[in-house]
Amino acid sequence: MLKIENLTKTFGNHQALDHISTTFPENKTTVIVGPSGSGKSTLLRSLNFLEKPESGHYHFDDLDIDLSKPVSSSTILNIRRQTEMVFQGYNLFPHLSVIKNVMEGPIYVLHKDRATAKKEAAELLAKVGLAEKADVYPAQLSGGQAQRVAIARSLAMHPEYIFLDEPTSALDPELELEVLKVLLQIAKEKQSMIIVTHNLAFAKQVADKIIFVEDGKILFDGSEPDFFGTDNQRILDFISAMTFSDLEE
């Protein structure tokens with residue numbers, strides 16, 4: 001289980017996270033939404049220690065980390081071995097073929113033999129609909145294909161949680177749909193995921209839990225039906241703006 005208590009993070013005079021507390025359930029998909037600059041990406045990056053909060057507690061399985069104290073590199077490495085981050089920019093190794101990109105972590109981090117890693121990589125590429133792209137290089141892929149390889153690479157590490165930061169924001173709608181279909185399938189298989197997204201239609205389909213963040217604070221923390229059925233005017237305004245439901249012809 002992943003749980004945070006009273007996380008605070010500042011950048012200069014800006015309070016990016018203001019005493020945030022929540023739990024991210026196992027085998028569920030948690031979606032983080034909110035306006036630009038609200039702190040949602042900072043929150044996600046803090047879960048993988050790409051950002052270091054100044055205070056609060058971080059609970060992961062048996063770990064209880066006091067963030068007001070220095071966190072050892074071995075503790076951070078331990079957490080990162082059990083979690084995977086998927087970024088907007090794919091971050092594939094350009095000099096390696098697609099299948100070798102997926103094999104790299106299992107061989108050098110998990111110490112799997114090459115034959116086993118290659119077999120699992122091929123299975124994962126088939127899962128994300130890219131079996132035929134195994135031997136091509138990242139430069140030959142579309143953005144949607146590259147992002148699906150990045151997702152396959154994350155799955156190859158058998159993480160407890162996958163963190164995804166706006167994984168489709170750089171894609172056009174057709175390519176975005178390719179990636180969202182893969183993520184929906186992974187969610188159905190009960191992989192624990194935490195996703196920051198701007199796409200509320202996708203959030204409605206994939207989320208078990210939704211967190212709405214604004215000005216570094218959590219304004220909503222609950223189920224998908226309760227979020228979209230809320231009578232909170234701020235959230236209603238946000239949903240309306242993001243879905244263009246108030247747009248007049």
# chains A, B, ... in the order shown; residues from 1 in each chain; ligands from 1
>>> select_by_dssp(residues="region 39-232 of chain A", states="strand (DSSP E or B)", output="JSON, numbers by chain")
{"A": [55, 56, 57, 58, 59, 60, 63, 64, 65, 66, 83, 84, 85, 86, 161, 162, 163, 164, 165, 192, 193, 194, 195, 196, 209, 210, 211, 212, 213, 214, 217, 218, 219, 220, 221, 222, 223]}
>>> closest_atom_pairs(of="region 157-198 of chain A", to="region 92-111 of chain A", cutoff="12 Å", atoms="only C-alpha atoms", output="tab-separated table")
residue	atom	partner	partner_atom	distance
A:Met157	CA	A:Pro106	CA	6.0
A:His158	CA	A:Pro106	CA	9.1
A:Pro159	CA	A:Leu110	CA	11.2
>>> residues_around(residues="region 34-47 of chain A", least_positions_apart="3", cutoff="6 Å", atoms="only C-alpha atoms", output="count of residues only")
9
>>> residues_around(residues="region 132-146 of chain A", least_positions_apart="5", cutoff="12 Å", atoms="only C-alpha atoms", output="PDB file with N, CA and C atoms, in the first residue's frame")
ATOM      1  N   VAL A  86       6.177   6.590 -16.106  1.00  0.00           N
ATOM      2  CA  VAL A  86       6.021   6.802 -17.545  1.00  0.00           C
ATOM      3  C   VAL A  86       5.775   8.292 -17.758  1.00  0.00           C
ATOM      4  N   PHE A  87       6.644   8.927 -18.549  1.00  0.00           N
ATOM      5  CA  PHE A  87       6.601  10.366 -18.767  1.00  0.00           C
ATOM      6  C   PHE A  87       5.894  10.700 -20.082  1.00  0.00           C
ATOM      7  N   GLN A  88       5.692  11.999 -20.301  1.00  0.00           N
ATOM      8  CA  GLN A  88       5.138  12.462 -21.577  1.00  0.00           C
ATOM      9  C   GLN A  88       6.089  12.144 -22.727  1.00  0.00           C
ATOM     10  N   GLY A  89       7.394  12.200 -22.456  1.00  0.00           N
ATOM     11  CA  GLY A  89       8.385  12.177 -23.527  1.00  0.00           C
ATOM     12  C   GLY A  89       8.981  10.826 -23.852  1.00  0.00           C
ATOM     13  N   TYR A  90       8.387   9.747 -23.358  1.00  0.00           N
ATOM     14  CA  TYR A  90       8.749   8.360 -23.715  1.00  0.00           C
ATOM     15  C   TYR A  90      10.092   7.914 -23.133  1.00  0.00           C
ATOM     16  N   ASN A  91      11.175   8.702 -23.343  1.00  0.00           N
ATOM     17  CA  ASN A  91      12.494   8.385 -22.776  1.00  0.00           C
ATOM     18  C   ASN A  91      13.020   7.018 -23.192  1.00  0.00           C
ATOM     19  N   LEU A  92      12.762   6.625 -24.426  1.00  0.00           N
ATOM     20  CA  LEU A  92      13.320   5.365 -24.922  1.00  0.00           C
ATOM     21  C   LEU A  92      14.789   5.563 -25.293  1.00  0.00           C
ATOM     22  N   PHE A  93      15.559   4.494 -25.225  1.00  0.00           N
ATOM     23  CA  PHE A  93      16.958   4.544 -25.641  1.00  0.00           C
ATOM     24  C   PHE A  93      17.013   4.534 -27.171  1.00  0.00           C
ATOM     25  N   PRO A  94      17.465   5.614 -27.801  1.00  0.00           N
ATOM     26  CA  PRO A  94      17.394   5.696 -29.269  1.00  0.00           C
ATOM     27  C   PRO A  94      18.297   4.705 -29.992  1.00  0.00           C
ATOM     28  N   HIS A  95      19.355   4.236 -29.324  1.00  0.00           N
ATOM     29  CA  HIS A  95      20.326   3.343 -29.981  1.00  0.00           C
ATOM     30  C   HIS A  95      19.947   1.869 -29.844  1.00  0.00           C
ATOM     31  N   LEU A  96      18.838   1.596 -29.136  1.00  0.00           N
ATOM     32  CA  LEU A  96      18.395   0.209 -28.958  1.00  0.00           C
ATOM     33  C   LEU A  96      17.099  -0.034 -29.715  1.00  0.00           C
ATOM     34  N   SER A  97      16.934  -1.239 -30.229  1.00  0.00           N
ATOM     35  CA  SER A  97      15.665  -1.612 -30.863  1.00  0.00           C
ATOM     36  C   SER A  97      14.555  -1.608 -29.823  1.00  0.00           C
ATOM     37  N   VAL A  98      13.334  -1.667 -30.305  1.00  0.00           N
ATOM     38  CA  VAL A  98      12.176  -1.659 -29.406  1.00  0.00           C
ATOM     39  C   VAL A  98      12.253  -2.800 -28.402  1.00  0.00           C
ATOM     40  N   ILE A  99      12.519  -3.999 -28.863  1.00  0.00           N
ATOM     41  CA  ILE A  99      12.522  -5.133 -27.941  1.00  0.00           C
ATOM     42  C   ILE A  99      13.675  -5.028 -26.945  1.00  0.00           C
ATOM     43  N   LYS A 100      14.806  -4.485 -27.377  1.00  0.00           N
ATOM     44  CA  LYS A 100      15.928  -4.320 -26.454  1.00  0.00           C
ATOM     45  C   LYS A 100      15.644  -3.236 -25.419  1.00  0.00           C
ATOM     46  N   ASN A 101      14.870  -2.224 -25.803  1.00  0.00           N
ATOM     47  CA  ASN A 101      14.429  -1.228 -24.827  1.00  0.00           C
ATOM     48  C   ASN A 101      13.644  -1.890 -23.694  1.00  0.00           C
ATOM     49  N   VAL A 102      12.777  -2.824 -24.060  1.00  0.00           N
ATOM     50  CA  VAL A 102      11.944  -3.493 -23.058  1.00  0.00           C
ATOM     51  C   VAL A 102      12.763  -4.499 -22.245  1.00  0.00           C
ATOM     52  N   MET A 103      13.781  -5.087 -22.856  1.00  0.00           N
ATOM     53  CA  MET A 103      14.610  -6.090 -22.182  1.00  0.00           C
ATOM     54  C   MET A 103      15.622  -5.487 -21.212  1.00  0.00           C
ATOM     55  N   LYS A 118      13.863 -11.669 -23.235  1.00  0.00           N
ATOM     56  CA  LYS A 118      13.395 -11.470 -24.610  1.00  0.00           C
ATOM     57  C   LYS A 118      12.005 -12.064 -24.806  1.00  0.00           C
ATOM     58  N   LYS A 119      11.754 -13.220 -24.213  1.00  0.00           N
ATOM     59  CA  LYS A 119      10.439 -13.856 -24.329  1.00  0.00           C
ATOM     60  C   LYS A 119       9.361 -12.964 -23.678  1.00  0.00           C
ATOM     61  N   ALA A 121       9.575  -9.750 -23.091  1.00  0.00           N
ATOM     62  CA  ALA A 121       9.468  -8.500 -23.840  1.00  0.00           C
ATOM     63  C   ALA A 121       8.585  -8.680 -25.072  1.00  0.00           C
ATOM     64  N   ALA A 122       8.754  -9.789 -25.759  1.00  0.00           N
ATOM     65  CA  ALA A 122       7.929 -10.060 -26.933  1.00  0.00           C
ATOM     66  C   ALA A 122       6.448 -10.181 -26.551  1.00  0.00           C
ATOM     67  N   GLU A 123       6.186 -10.831 -25.421  1.00  0.00           N
ATOM     68  CA  GLU A 123       4.804 -10.969 -24.952  1.00  0.00           C
ATOM     69  C   GLU A 123       4.199  -9.609 -24.605  1.00  0.00           C
ATOM     70  N   LEU A 124       5.000  -8.747 -23.989  1.00  0.00           N
ATOM     71  CA  LEU A 124       4.503  -7.431 -23.616  1.00  0.00           C
ATOM     72  C   LEU A 124       4.279  -6.550 -24.841  1.00  0.00           C
ATOM     73  N   LEU A 125       5.143  -6.648 -25.827  1.00  0.00           N
ATOM     74  CA  LEU A 125       4.932  -5.883 -27.057  1.00  0.00           C
ATOM     75  C   LEU A 125       3.661  -6.337 -27.762  1.00  0.00           C
ATOM     76  N   ALA A 126       3.387  -7.638 -27.715  1.00  0.00           N
ATOM     77  CA  ALA A 126       2.130  -8.136 -28.280  1.00  0.00           C
ATOM     78  C   ALA A 126       0.947  -7.575 -27.491  1.00  0.00           C
ATOM     79  N   LYS A 127       1.089  -7.485 -26.187  1.00  0.00           N
ATOM     80  CA  LYS A 127       0.028  -6.978 -25.317  1.00  0.00           C
ATOM     81  C   LYS A 127      -0.336  -5.536 -25.666  1.00  0.00           C
ATOM     82  N   ILE A 151       5.259   2.007 -21.946  1.00  0.00           N
ATOM     83  CA  ILE A 151       4.382   1.298 -21.010  1.00  0.00           C
ATOM     84  C   ILE A 151       4.792  -0.167 -20.900  1.00  0.00           C
ATOM     85  N   ALA A 152       5.099  -0.798 -22.030  1.00  0.00           N
ATOM     86  CA  ALA A 152       5.568  -2.191 -22.008  1.00  0.00           C
ATOM     87  C   ALA A 152       6.860  -2.304 -21.205  1.00  0.00           C
ATOM     88  N   ARG A 153       7.752  -1.334 -21.366  1.00  0.00           N
ATOM     89  CA  ARG A 153       9.012  -1.340 -20.623  1.00  0.00           C
ATOM     90  C   ARG A 153       8.754  -1.255 -19.117  1.00  0.00           C
ATOM     91  N   PRO A 167       0.434  10.974 -19.785  1.00  0.00           N
ATOM     92  CA  PRO A 167       1.087  10.114 -20.781  1.00  0.00           C
ATOM     93  C   PRO A 167       0.661  10.340 -22.216  1.00  0.00           C
ATOM     94  N   THR A 168      -0.438  11.070 -22.435  1.00  0.00           N
ATOM     95  CA  THR A 168      -0.910  11.256 -23.810  1.00  0.00           C
ATOM     96  C   THR A 168      -1.007  12.731 -24.215  1.00  0.00           C
ATOM     97  N   SER A 169      -0.509  13.630 -23.385  1.00  0.00           N
ATOM     98  CA  SER A 169      -0.742  15.053 -23.647  1.00  0.00           C
ATOM     99  C   SER A 169      -0.043  15.553 -24.906  1.00  0.00           C
ATOM    100  N   ALA A 170       1.009  14.866 -25.347  1.00  0.00           N
ATOM    101  CA  ALA A 170       1.741  15.311 -26.535  1.00  0.00           C
ATOM    102  C   ALA A 170       1.230  14.659 -27.817  1.00  0.00           C
ATOM    103  N   LEU A 171       0.159  13.875 -27.719  1.00  0.00           N
ATOM    104  CA  LEU A 171      -0.307  13.087 -28.863  1.00  0.00           C
ATOM    105  C   LEU A 171      -1.572  13.672 -29.467  1.00  0.00           C
ATOM    106  N   ASP A 172      -1.740  13.462 -30.779  1.00  0.00           N
ATOM    107  CA  ASP A 172      -3.001  13.856 -31.393  1.00  0.00           C
ATOM    108  C   ASP A 172      -4.076  12.833 -31.003  1.00  0.00           C
ATOM    109  N   PRO A 173      -5.356  13.145 -31.197  1.00  0.00           N
ATOM    110  CA  PRO A 173      -6.434  12.304 -30.662  1.00  0.00           C
ATOM    111  C   PRO A 173      -6.375  10.836 -31.088  1.00  0.00           C
ATOM    112  N   GLU A 174      -6.032  10.548 -32.334  1.00  0.00           N
ATOM    113  CA  GLU A 174      -6.003   9.146 -32.769  1.00  0.00           C
ATOM    114  C   GLU A 174      -4.891   8.372 -32.077  1.00  0.00           C
ATOM    115  N   LEU A 175      -3.720   8.983 -31.960  1.00  0.00           N
ATOM    116  CA  LEU A 175      -2.614   8.319 -31.282  1.00  0.00           C
ATOM    117  C   LEU A 175      -2.875   8.221 -29.786  1.00  0.00           C
ATOM    118  N   GLU A 176      -3.531   9.237 -29.225  1.00  0.00           N
ATOM    119  CA  GLU A 176      -3.899   9.204 -27.814  1.00  0.00           C
ATOM    120  C   GLU A 176      -4.810   8.015 -27.538  1.00  0.00           C
ATOM    121  N   LEU A 177      -5.758   7.776 -28.425  1.00  0.00           N
ATOM    122  CA  LEU A 177      -6.696   6.675 -28.232  1.00  0.00           C
ATOM    123  C   LEU A 177      -5.974   5.338 -28.176  1.00  0.00           C
ATOM    124  N   GLU A 178      -4.938   5.147 -29.000  1.00  0.00           N
ATOM    125  CA  GLU A 178      -4.164   3.905 -28.977  1.00  0.00           C
ATOM    126  C   GLU A 178      -3.606   3.638 -27.580  1.00  0.00           C
ATOM    127  N   VAL A 179      -3.044   4.675 -26.973  1.00  0.00           N
ATOM    128  CA  VAL A 179      -2.422   4.540 -25.660  1.00  0.00           C
ATOM    129  C   VAL A 179      -3.480   4.328 -24.579  1.00  0.00           C
ATOM    130  N   LEU A 180      -4.579   5.070 -24.659  1.00  0.00           N
ATOM    131  CA  LEU A 180      -5.623   4.960 -23.637  1.00  0.00           C
ATOM    132  C   LEU A 180      -6.256   3.571 -23.627  1.00  0.00           C
ATOM    133  N   LYS A 181      -6.403   2.958 -24.788  1.00  0.00           N
ATOM    134  CA  LYS A 181      -6.950   1.603 -24.839  1.00  0.00           C
ATOM    135  C   LYS A 181      -6.035   0.615 -24.122  1.00  0.00           C
ATOM    136  N   VAL A 182      -4.727   0.786 -24.287  1.00  0.00           N
ATOM    137  CA  VAL A 182      -3.759  -0.076 -23.605  1.00  0.00           C
ATOM    138  C   VAL A 182      -3.867   0.121 -22.096  1.00  0.00           C
TER     139      VAL A 182
END
>>> select_by_dssp(residues="region 90-169 of chain A", states="helix (DSSP H, G or I)", output="ChimeraX atom specification")
/A:98-108,114-127,131-133,138-140,143-155
>>> closest_residue(among="A:Asn48, A:Ser68, A:Ser21, A:Thr30", to="Met193 (chain A)", atoms="only C-alpha atoms")
A:Thr30
>>> atom_distance(atom1="CA of Thr22 (chain A)", atom2="CA of Ile76 (chain A)")
20.0 Å
>>> residues_around(residues="Ala201 (chain A)", least_positions_apart="6", cutoff="12 Å", atoms="only C-alpha atoms", output="list in words")
Val31, Val33, Leu177, Leu180, Leu184, Ala207, Glu224, Phe228, Ile239, Ser240, Met242, Thr243 and Phe244 of chain A
>>> write_last_selection(atoms="N, CA, C and O atoms", output="PDB file, in the first residue's frame")
ATOM      1  N   VAL A  31      -6.657   8.332 -10.389  1.00  0.00           N
ATOM      2  CA  VAL A  31      -6.428   9.397 -11.370  1.00  0.00           C
ATOM      3  C   VAL A  31      -6.369  10.737 -10.633  1.00  0.00           C
ATOM      4  O   VAL A  31      -7.232  11.035  -9.801  1.00  0.00           O
ATOM      5  N   VAL A  33      -6.429  14.760 -11.110  1.00  0.00           N
ATOM      6  CA  VAL A  33      -6.833  15.807 -12.049  1.00  0.00           C
ATOM      7  C   VAL A  33      -6.777  17.157 -11.351  1.00  0.00           C
ATOM      8  O   VAL A  33      -6.693  17.246 -10.125  1.00  0.00           O
ATOM      9  N   LEU A 177      -5.758   7.776 -28.425  1.00  0.00           N
ATOM     10  CA  LEU A 177      -6.696   6.675 -28.232  1.00  0.00           C
ATOM     11  C   LEU A 177      -5.974   5.338 -28.176  1.00  0.00           C
ATOM     12  O   LEU A 177      -6.335   4.460 -27.376  1.00  0.00           O
ATOM     13  N   LEU A 180      -4.579   5.070 -24.659  1.00  0.00           N
ATOM     14  CA  LEU A 180      -5.623   4.960 -23.637  1.00  0.00           C
ATOM     15  C   LEU A 180      -6.256   3.571 -23.627  1.00  0.00           C
ATOM     16  O   LEU A 180      -6.581   3.041 -22.559  1.00  0.00           O
ATOM     17  N   LEU A 184      -6.413   1.185 -20.360  1.00  0.00           N
ATOM     18  CA  LEU A 184      -7.679   0.614 -19.884  1.00  0.00           C
ATOM     19  C   LEU A 184      -7.556  -0.890 -19.672  1.00  0.00           C
ATOM     20  O   LEU A 184      -8.051  -1.444 -18.683  1.00  0.00           O
ATOM     21  N   ALA A 207     -10.798   5.243 -13.903  1.00  0.00           N
ATOM     22  CA  ALA A 207     -10.508   5.521 -12.494  1.00  0.00           C
ATOM     23  C   ALA A 207     -11.362   4.699 -11.539  1.00  0.00           C
ATOM     24  O   ALA A 207     -12.577   4.607 -11.693  1.00  0.00           O
ATOM     25  N   GLU A 224     -14.900   7.518  -8.584  1.00  0.00           N
ATOM     26  CA  GLU A 224     -15.219   8.148  -9.867  1.00  0.00           C
ATOM     27  C   GLU A 224     -16.685   8.578  -9.944  1.00  0.00           C
ATOM     28  O   GLU A 224     -16.971   9.712 -10.354  1.00  0.00           O
ATOM     29  N   PHE A 228     -17.891  12.656 -10.572  1.00  0.00           N
ATOM     30  CA  PHE A 228     -18.695  13.156 -11.690  1.00  0.00           C
ATOM     31  C   PHE A 228     -20.139  13.449 -11.281  1.00  0.00           C
ATOM     32  O   PHE A 228     -20.856  14.131 -12.014  1.00  0.00           O
ATOM     33  N   ILE A 239     -15.119  20.446 -14.531  1.00  0.00           N
ATOM     34  CA  ILE A 239     -15.609  19.429 -15.472  1.00  0.00           C
ATOM     35  C   ILE A 239     -16.184  20.089 -16.713  1.00  0.00           C
ATOM     36  O   ILE A 239     -15.925  19.669 -17.842  1.00  0.00           O
ATOM     37  N   SER A 240     -16.950  21.154 -16.513  1.00  0.00           N
ATOM     38  CA  SER A 240     -17.558  21.863 -17.632  1.00  0.00           C
ATOM     39  C   SER A 240     -16.491  22.450 -18.557  1.00  0.00           C
ATOM     40  O   SER A 240     -16.584  22.342 -19.783  1.00  0.00           O
ATOM     41  N   MET A 242     -13.347  21.448 -18.901  1.00  0.00           N
ATOM     42  CA  MET A 242     -12.526  20.421 -19.520  1.00  0.00           C
ATOM     43  C   MET A 242     -13.282  19.623 -20.580  1.00  0.00           C
ATOM     44  O   MET A 242     -12.677  19.005 -21.455  1.00  0.00           O
ATOM     45  N   THR A 243     -14.610  19.612 -20.499  1.00  0.00           N
ATOM     46  CA  THR A 243     -15.414  18.855 -21.454  1.00  0.00           C
ATOM     47  C   THR A 243     -16.152  19.762 -22.440  1.00  0.00           C
ATOM     48  O   THR A 243     -16.904  19.278 -23.286  1.00  0.00           O
ATOM     49  N   PHE A 244     -15.931  21.089 -22.309  1.00  0.00           N
ATOM     50  CA  PHE A 244     -16.561  22.069 -23.194  1.00  0.00           C
ATOM     51  C   PHE A 244     -18.092  21.976 -23.175  1.00  0.00           C
ATOM     52  O   PHE A 244     -18.749  22.302 -24.149  1.00  0.00           O
TER      53      PHE A 244
END
>>> residues_around(residues="Asp226 (chain A)", least_positions_apart="2", cutoff="12 Å", atoms="only C-alpha atoms", output="count of residues only")
19
>>> atom_distance(atom1="CA of Arg234 (chain A)", atom2="CA of Leu219 (chain A)")
9.1 Å
>>> atom_distance(atom1="CA of Phe49 (chain A)", atom2="CA of Asn78 (chain A)")
11.2 Å
